[in-house]
Amino acid sequence: MRAALAQRILSLLPQSQNELPQGVTVSAVFKLVQEALGDNLKIFADGRMLIWDIARHDGYNIPAYPMAGCGDIKEFLADEGARNVPDWYKKHLGMNREAYDSMYLFELVMVRNLAFWRKVYEVPSAVMHDREDHVDALYGLIYTWLDFALGQQTGLDDPRLFKR
């Protein structure tokens, strides 16, 4: 993360998207924040892929099609103390089964902060794809992501945070 750039952006962003300078769009702010945060902001258009990205990051062998029956899926879930994939999402994100079953309506955004703790945000897909139709919602999220990324929260501050 380019922490100095991210801090500068946060200090310049107004509290409301209505206060943005003439000609500055929420989409432009979104792209700027993505660039400043780099790998500390990851968007999962298909939230069901988050678990496999994390498993691969942790060194597990996860095939391109995770449910193929090969690879280290069972080992990963066992090591995580989860009975199955929905259980993992409940344990790490607080997502109940109903929310997991309707995950296709959302994108997941994972943000890592300065203390290397991660937080996942559920964002309605419409907000991510129709940005100019949902400027208030998206601007608030961008501000929240940037604020979290520059923070030092840990799992003691928020049990939904995890370190990877």
# chains A, B, ... in the order shown; residues from 1 in each chain; ligands from 1
>>> residues_around(residues="range 113-127 of chain A", least_positions_apart="5", cutoff="8 Å", atoms="only C-alpha atoms", output="PyMOL selection string")
chain A and resi 40+45+93+105-108+133-135+137-138+148-155+160-164
>>> residues_around(residues="range 12-29 of chain A", least_positions_apart="2", cutoff="8 Å", atoms="only C-alpha atoms", output="PyMOL selection string")
chain A and resi 8-10+31-33+131-132+135-136+138-140+143
>>> residues_around(residues="Asp147 in chain A", least_positions_apart="5", cutoff="10 Å", atoms="only C-alpha atoms", output="list in words")
Ala6, Gln7, Leu10, Ser11, Asn113, Leu141 and Ile142 of chain A
>>> write_last_selection(atoms="all heavy atoms", output="CSV table (one decimal), in the first residue's frame")
chain,number,residue,atom,x,y,z
A,6,ALA,N,-2.5,7.1,0.3
A,6,ALA,CA,-3.8,6.7,0.9
A,6,ALA,C,-4.2,7.7,2.0
A,6,ALA,O,-5.3,8.2,2.1
A,6,ALA,CB,-3.8,5.3,1.4
A,7,GLN,N,-3.2,8.1,2.9
A,7,GLN,CA,-3.5,9.0,3.9
A,7,GLN,C,-3.9,10.4,3.4
A,7,GLN,O,-4.8,11.0,3.8
A,7,GLN,CB,-2.3,9.1,4.9
A,7,GLN,CG,-2.5,10.0,6.1
A,7,GLN,CD,-3.6,9.4,7.0
A,7,GLN,OE1,-3.6,8.3,7.4
A,7,GLN,NE2,-4.6,10.2,7.4
A,10,LEU,N,-7.4,10.3,1.9
A,10,LEU,CA,-8.4,10.3,3.0
A,10,LEU,C,-8.5,11.7,3.6
A,10,LEU,O,-9.6,12.2,3.9
A,10,LEU,CB,-8.0,9.3,4.1
A,10,LEU,CG,-9.0,9.1,5.2
A,10,LEU,CD1,-10.4,8.6,4.7
A,10,LEU,CD2,-8.5,8.2,6.3
A,11,SER,N,-7.4,12.4,3.7
A,11,SER,CA,-7.4,13.7,4.3
A,11,SER,C,-8.1,14.7,3.4
A,11,SER,O,-8.7,15.7,3.8
A,11,SER,CB,-6.0,14.2,4.7
A,11,SER,OG,-5.3,14.5,3.5
A,113,ASN,N,-5.5,-3.9,6.6
A,113,ASN,CA,-5.0,-2.6,7.3
A,113,ASN,C,-3.5,-2.6,7.6
A,113,ASN,O,-2.8,-3.6,7.2
A,113,ASN,CB,-5.9,-2.3,8.5
A,113,ASN,CG,-5.6,-3.3,9.7
A,113,ASN,OD1,-4.7,-4.1,9.7
A,113,ASN,ND2,-6.5,-3.2,10.7
A,141,LEU,N,-18.8,3.6,1.2
A,141,LEU,CA,-18.0,2.4,1.3
A,141,LEU,C,-16.5,2.7,1.0
A,141,LEU,O,-15.6,2.2,1.7
A,141,LEU,CB,-18.5,1.3,0.3
A,141,LEU,CG,-19.8,0.6,0.7
A,141,LEU,CD1,-20.4,-0.2,-0.5
A,141,LEU,CD2,-19.6,-0.3,1.9
A,142,ILE,N,-16.2,3.5,0.0
A,142,ILE,CA,-14.9,3.8,-0.4
A,142,ILE,C,-14.2,4.5,0.8
A,142,ILE,O,-13.1,4.2,1.2
A,142,ILE,CB,-14.8,4.7,-1.6
A,142,ILE,CG1,-15.3,4.0,-2.8
A,142,ILE,CG2,-13.4,5.4,-1.8
A,142,ILE,CD1,-15.5,4.9,-4.0
>>> residues_around(residues="range 58-65 of chain A", least_positions_apart="5", cutoff="12 Å", atoms="only C-alpha atoms", output="PDB file with all heavy atoms, in the first residue's frame")
ATOM      1  N   ARG A  48     -17.993 -16.362  -3.641  1.00  0.00           N
ATOM      2  CA  ARG A  48     -17.709 -17.752  -3.311  1.00  0.00           C
ATOM      3  C   ARG A  48     -16.248 -18.111  -3.568  1.00  0.00           C
ATOM      4  O   ARG A  48     -15.776 -19.156  -3.132  1.00  0.00           O
ATOM      5  CB  ARG A  48     -18.638 -18.678  -4.091  1.00  0.00           C
ATOM      6  CG  ARG A  48     -20.103 -18.491  -3.723  1.00  0.00           C
ATOM      7  CD  ARG A  48     -21.007 -19.208  -4.663  1.00  0.00           C
ATOM      8  NE  ARG A  48     -20.825 -18.621  -6.002  1.00  0.00           N
ATOM      9  CZ  ARG A  48     -21.487 -18.990  -7.082  1.00  0.00           C
ATOM     10  NH1 ARG A  48     -22.356 -19.953  -7.004  1.00  0.00           N
ATOM     11  NH2 ARG A  48     -21.280 -18.411  -8.234  1.00  0.00           N
ATOM     12  N   MET A  49     -15.515 -17.241  -4.238  1.00  0.00           N
ATOM     13  CA  MET A  49     -14.107 -17.493  -4.529  1.00  0.00           C
ATOM     14  C   MET A  49     -13.184 -16.994  -3.418  1.00  0.00           C
ATOM     15  O   MET A  49     -12.005 -17.351  -3.379  1.00  0.00           O
ATOM     16  CB  MET A  49     -13.700 -16.843  -5.851  1.00  0.00           C
ATOM     17  CG  MET A  49     -14.375 -17.469  -7.058  1.00  0.00           C
ATOM     18  SD  MET A  49     -13.827 -19.174  -7.330  1.00  0.00           S
ATOM     19  CE  MET A  49     -15.293 -20.106  -6.946  1.00  0.00           C
ATOM     20  N   ILE A  51     -12.948 -17.793  -0.232  1.00  0.00           N
ATOM     21  CA  ILE A  51     -12.395 -18.886   0.565  1.00  0.00           C
ATOM     22  C   ILE A  51     -11.237 -19.567  -0.155  1.00  0.00           C
ATOM     23  O   ILE A  51     -10.225 -19.894   0.452  1.00  0.00           O
ATOM     24  CB  ILE A  51     -13.497 -19.908   0.949  1.00  0.00           C
ATOM     25  CG1 ILE A  51     -12.920 -20.974   1.896  1.00  0.00           C
ATOM     26  CG2 ILE A  51     -14.142 -20.516  -0.270  1.00  0.00           C
ATOM     27  CD1 ILE A  51     -13.975 -21.941   2.424  1.00  0.00           C
ATOM     28  N   TRP A  52     -11.366 -19.742  -1.453  1.00  0.00           N
ATOM     29  CA  TRP A  52     -10.323 -20.455  -2.200  1.00  0.00           C
ATOM     30  C   TRP A  52      -9.097 -19.578  -2.398  1.00  0.00           C
ATOM     31  O   TRP A  52      -7.971 -20.067  -2.385  1.00  0.00           O
ATOM     32  CB  TRP A  52     -10.870 -20.964  -3.524  1.00  0.00           C
ATOM     33  CG  TRP A  52     -12.148 -21.717  -3.321  1.00  0.00           C
ATOM     34  CD1 TRP A  52     -13.342 -21.490  -3.931  1.00  0.00           C
ATOM     35  CD2 TRP A  52     -12.378 -22.798  -2.406  1.00  0.00           C
ATOM     36  NE1 TRP A  52     -14.287 -22.360  -3.451  1.00  0.00           N
ATOM     37  CE2 TRP A  52     -13.732 -23.185  -2.511  1.00  0.00           C
ATOM     38  CE3 TRP A  52     -11.576 -23.486  -1.499  1.00  0.00           C
ATOM     39  CZ2 TRP A  52     -14.287 -24.206  -1.763  1.00  0.00           C
ATOM     40  CZ3 TRP A  52     -12.138 -24.508  -0.735  1.00  0.00           C
ATOM     41  CH2 TRP A  52     -13.474 -24.859  -0.881  1.00  0.00           C
ATOM     42  N   ASP A  53      -9.295 -18.282  -2.533  1.00  0.00           N
ATOM     43  CA  ASP A  53      -8.173 -17.358  -2.615  1.00  0.00           C
ATOM     44  C   ASP A  53      -7.375 -17.384  -1.315  1.00  0.00           C
ATOM     45  O   ASP A  53      -6.145 -17.423  -1.328  1.00  0.00           O
ATOM     46  CB  ASP A  53      -8.682 -15.944  -2.911  1.00  0.00           C
ATOM     47  CG  ASP A  53      -7.554 -14.979  -3.163  1.00  0.00           C
ATOM     48  OD1 ASP A  53      -6.934 -15.056  -4.240  1.00  0.00           O
ATOM     49  OD2 ASP A  53      -7.292 -14.130  -2.276  1.00  0.00           O
ATOM     50  N   CYS A  70     -10.430 -32.972  -5.729  1.00  0.00           N
ATOM     51  CA  CYS A  70      -8.998 -33.177  -5.513  1.00  0.00           C
ATOM     52  C   CYS A  70      -8.426 -31.939  -4.822  1.00  0.00           C
ATOM     53  O   CYS A  70      -9.111 -30.954  -4.633  1.00  0.00           O
ATOM     54  CB  CYS A  70      -8.287 -33.437  -6.850  1.00  0.00           C
ATOM     55  SG  CYS A  70      -8.512 -32.126  -8.054  1.00  0.00           S
ATOM     56  N   GLY A  71      -7.182 -32.021  -4.439  1.00  0.00           N
ATOM     57  CA  GLY A  71      -6.565 -30.889  -3.768  1.00  0.00           C
ATOM     58  C   GLY A  71      -6.726 -30.982  -2.260  1.00  0.00           C
ATOM     59  O   GLY A  71      -7.077 -32.026  -1.708  1.00  0.00           O
ATOM     60  N   ASP A  72      -6.443 -29.870  -1.599  1.00  0.00           N
ATOM     61  CA  ASP A  72      -6.385 -29.832  -0.131  1.00  0.00           C
ATOM     62  C   ASP A  72      -7.616 -29.195   0.523  1.00  0.00           C
ATOM     63  O   ASP A  72      -7.522 -28.636   1.610  1.00  0.00           O
ATOM     64  CB  ASP A  72      -5.146 -29.032   0.301  1.00  0.00           C
ATOM     65  CG  ASP A  72      -3.848 -29.640  -0.172  1.00  0.00           C
ATOM     66  OD1 ASP A  72      -3.815 -30.874  -0.379  1.00  0.00           O
ATOM     67  OD2 ASP A  72      -2.868 -28.889  -0.326  1.00  0.00           O
ATOM     68  N   ILE A  73      -8.743 -29.286  -0.129  1.00  0.00           N
ATOM     69  CA  ILE A  73      -9.943 -28.622   0.390  1.00  0.00           C
ATOM     70  C   ILE A  73     -10.342 -29.164   1.760  1.00  0.00           C
ATOM     71  O   ILE A  73     -10.591 -28.393   2.686  1.00  0.00           O
ATOM     72  CB  ILE A  73     -11.104 -28.749  -0.622  1.00  0.00           C
ATOM     73  CG1 ILE A  73     -10.750 -27.963  -1.880  1.00  0.00           C
ATOM     74  CG2 ILE A  73     -12.412 -28.269  -0.021  1.00  0.00           C
ATOM     75  CD1 ILE A  73     -11.629 -28.233  -3.051  1.00  0.00           C
ATOM     76  N   LYS A  74     -10.391 -30.473   1.891  1.00  0.00           N
ATOM     77  CA  LYS A  74     -10.790 -31.067   3.172  1.00  0.00           C
ATOM     78  C   LYS A  74      -9.819 -30.685   4.276  1.00  0.00           C
ATOM     79  O   LYS A  74     -10.233 -30.386   5.403  1.00  0.00           O
ATOM     80  CB  LYS A  74     -10.893 -32.588   3.055  1.00  0.00           C
ATOM     81  CG  LYS A  74     -12.068 -33.040   2.210  1.00  0.00           C
ATOM     82  CD  LYS A  74     -12.123 -34.547   2.103  1.00  0.00           C
ATOM     83  CE  LYS A  74     -13.267 -34.972   1.201  1.00  0.00           C
ATOM     84  NZ  LYS A  74     -13.322 -36.421   1.021  1.00  0.00           N
ATOM     85  N   GLU A  75      -8.534 -30.671   3.958  1.00  0.00           N
ATOM     86  CA  GLU A  75      -7.521 -30.305   4.948  1.00  0.00           C
ATOM     87  C   GLU A  75      -7.673 -28.843   5.372  1.00  0.00           C
ATOM     88  O   GLU A  75      -7.581 -28.520   6.552  1.00  0.00           O
ATOM     89  CB  GLU A  75      -6.104 -30.539   4.388  1.00  0.00           C
ATOM     90  CG  GLU A  75      -5.757 -31.992   4.183  1.00  0.00           C
ATOM     91  CD  GLU A  75      -6.256 -32.562   2.848  1.00  0.00           C
ATOM     92  OE1 GLU A  75      -6.948 -31.854   2.080  1.00  0.00           O
ATOM     93  OE2 GLU A  75      -5.962 -33.739   2.579  1.00  0.00           O
ATOM     94  N   PHE A  76      -7.901 -27.978   4.391  1.00  0.00           N
ATOM     95  CA  PHE A  76      -8.079 -26.555   4.692  1.00  0.00           C
ATOM     96  C   PHE A  76      -9.271 -26.354   5.618  1.00  0.00           C
ATOM     97  O   PHE A  76      -9.165 -25.679   6.647  1.00  0.00           O
ATOM     98  CB  PHE A  76      -8.252 -25.746   3.401  1.00  0.00           C
ATOM     99  CG  PHE A  76      -8.623 -24.315   3.652  1.00  0.00           C
ATOM    100  CD1 PHE A  76      -7.685 -23.417   4.138  1.00  0.00           C
ATOM    101  CD2 PHE A  76      -9.911 -23.850   3.396  1.00  0.00           C
ATOM    102  CE1 PHE A  76      -8.022 -22.082   4.380  1.00  0.00           C
ATOM    103  CE2 PHE A  76     -10.252 -22.531   3.627  1.00  0.00           C
ATOM    104  CZ  PHE A  76      -9.306 -21.647   4.123  1.00  0.00           C
ATOM    105  N   LEU A  77     -10.404 -26.934   5.269  1.00  0.00           N
ATOM    106  CA  LEU A  77     -11.604 -26.769   6.094  1.00  0.00           C
ATOM    107  C   LEU A  77     -11.385 -27.335   7.495  1.00  0.00           C
ATOM    108  O   LEU A  77     -11.772 -26.711   8.492  1.00  0.00           O
ATOM    109  CB  LEU A  77     -12.813 -27.418   5.422  1.00  0.00           C
ATOM    110  CG  LEU A  77     -13.324 -26.717   4.162  1.00  0.00           C
ATOM    111  CD1 LEU A  77     -14.392 -27.562   3.479  1.00  0.00           C
ATOM    112  CD2 LEU A  77     -13.857 -25.319   4.471  1.00  0.00           C
ATOM    113  N   ASP A  79      -8.507 -27.663   9.084  1.00  0.00           N
ATOM    114  CA  ASP A  79      -7.574 -26.788   9.790  1.00  0.00           C
ATOM    115  C   ASP A  79      -8.244 -25.499  10.251  1.00  0.00           C
ATOM    116  O   ASP A  79      -7.836 -24.898  11.246  1.00  0.00           O
ATOM    117  CB  ASP A  79      -6.372 -26.447   8.901  1.00  0.00           C
ATOM    118  CG  ASP A  79      -5.468 -27.647   8.656  1.00  0.00           C
ATOM    119  OD1 ASP A  79      -5.624 -28.679   9.354  1.00  0.00           O
ATOM    120  OD2 ASP A  79      -4.603 -27.558   7.756  1.00  0.00           O
ATOM    121  N   GLU A  80      -9.266 -25.081   9.527  1.00  0.00           N
ATOM    122  CA  GLU A  80     -10.009 -23.865   9.861  1.00  0.00           C
ATOM    123  C   GLU A  80     -11.128 -24.133  10.872  1.00  0.00           C
ATOM    124  O   GLU A  80     -11.792 -23.198  11.316  1.00  0.00           O
ATOM    125  CB  GLU A  80     -10.609 -23.252   8.594  1.00  0.00           C
ATOM    126  CG  GLU A  80      -9.572 -22.692   7.646  1.00  0.00           C
ATOM    127  CD  GLU A  80      -8.988 -21.390   8.145  1.00  0.00           C
ATOM    128  OE1 GLU A  80      -9.757 -20.466   8.450  1.00  0.00           O
ATOM    129  OE2 GLU A  80      -7.748 -21.292   8.242  1.00  0.00           O
ATOM    130  N   LYS A 163      -6.395 -12.511  10.218  1.00  0.00           N
ATOM    131  CA  LYS A 163      -5.041 -12.201   9.777  1.00  0.00           C
ATOM    132  C   LYS A 163      -4.586 -13.249   8.793  1.00  0.00           C
ATOM    133  O   LYS A 163      -4.547 -14.429   9.096  1.00  0.00           O
ATOM    134  CB  LYS A 163      -4.102 -12.153  10.989  1.00  0.00           C
ATOM    135  CG  LYS A 163      -2.861 -11.361  10.721  1.00  0.00           C
ATOM    136  CD  LYS A 163      -2.213 -10.984  12.027  1.00  0.00           C
ATOM    137  CE  LYS A 163      -1.187  -9.900  11.772  1.00  0.00           C
ATOM    138  NZ  LYS A 163      -0.611  -9.405  12.982  1.00  0.00           N
ATOM    139  N   ARG A 164      -4.239 -12.828   7.636  1.00  0.00           N
ATOM    140  CA  ARG A 164      -3.743 -13.716   6.572  1.00  0.00           C
ATOM    141  C   ARG A 164      -2.792 -12.941   5.731  1.00  0.00           C
ATOM    142  O   ARG A 164      -2.962 -11.846   5.391  1.00  0.00           O
ATOM    143  CB  ARG A 164      -4.890 -14.210   5.714  1.00  0.00           C
ATOM    144  CG  ARG A 164      -5.787 -15.161   6.463  1.00  0.00           C
ATOM    145  CD  ARG A 164      -6.061 -16.322   5.559  1.00  0.00           C
ATOM    146  NE  ARG A 164      -6.103 -17.598   6.164  1.00  0.00           N
ATOM    147  CZ  ARG A 164      -6.961 -18.020   7.065  1.00  0.00           C
ATOM    148  NH1 ARG A 164      -7.827 -17.233   7.587  1.00  0.00           N
ATOM    149  NH2 ARG A 164      -6.927 -19.269   7.459  1.00  0.00           N
TER     150      ARG A 164
END
>>> select_by_dssp(residues="chain A", states="alpha helix (DSSP H)", output="PyMOL selection string")
chain A and resi 3-12+26-37+50-57+73-80+85-93+97-101+125-129+135-149
>>> closest_residue(among="A:Asp130, A:Arg2, A:Ala36, A:Tyr89", to="Ile54 in chain A", atoms="only C-alpha atoms")
A:Tyr89
>>> residues_around(residues="Lys42 in chain A", least_positions_apart="6", cutoff="9 Å", atoms="only C-alpha atoms", output="PyMOL selection string")
chain A and resi 34+108-112
>>> write_last_selection(atoms="N, CA and C atoms", output="compact mmCIF listing (two decimals), in the first residue's frame")
# COMPACT_ATOMS: atom_id res chain seq x y z
N GLN A 34 -8.39 2.43 -5.29
CA GLN A 34 -7.89 1.11 -5.70
C GLN A 34 -6.39 1.16 -5.99
N LEU A 108 -17.76 -9.36 -2.70
CA LEU A 108 -17.04 -9.23 -1.44
C LEU A 108 -15.80 -8.40 -1.69
N VAL A 109 -15.56 -7.47 -0.79
CA VAL A 109 -14.38 -6.62 -0.87
C VAL A 109 -13.57 -6.87 0.39
N MET A 110 -12.32 -7.32 0.20
CA MET A 110 -11.46 -7.61 1.32
C MET A 110 -10.40 -6.51 1.40
N VAL A 111 -10.28 -5.92 2.60
CA VAL A 111 -9.34 -4.83 2.82
C VAL A 111 -8.38 -5.24 3.93
N ARG A 112 -7.09 -4.98 3.72
CA ARG A 112 -6.08 -5.26 4.74
C ARG A 112 -5.60 -3.92 5.31
>>> atom_distance(atom1="CA of Met95 in chain A", atom2="CA of Arg83 in chain A")
14.6 Å
>>> atom_distance(atom1="CA of Ala3 in chain A", atom2="CA of His57 in chain A")
22.8 Å
>>> closest_residue(among="A:Leu41, A:Val85, A:Ala78, A:Leu146", to="Tyr100 in chain A", atoms="only C-alpha atoms")
A:Val85
>>> atom_distance(atom1="CA of Phe30 in chain A", atom2="CA of Gly47 in chain A")
19.5 Å
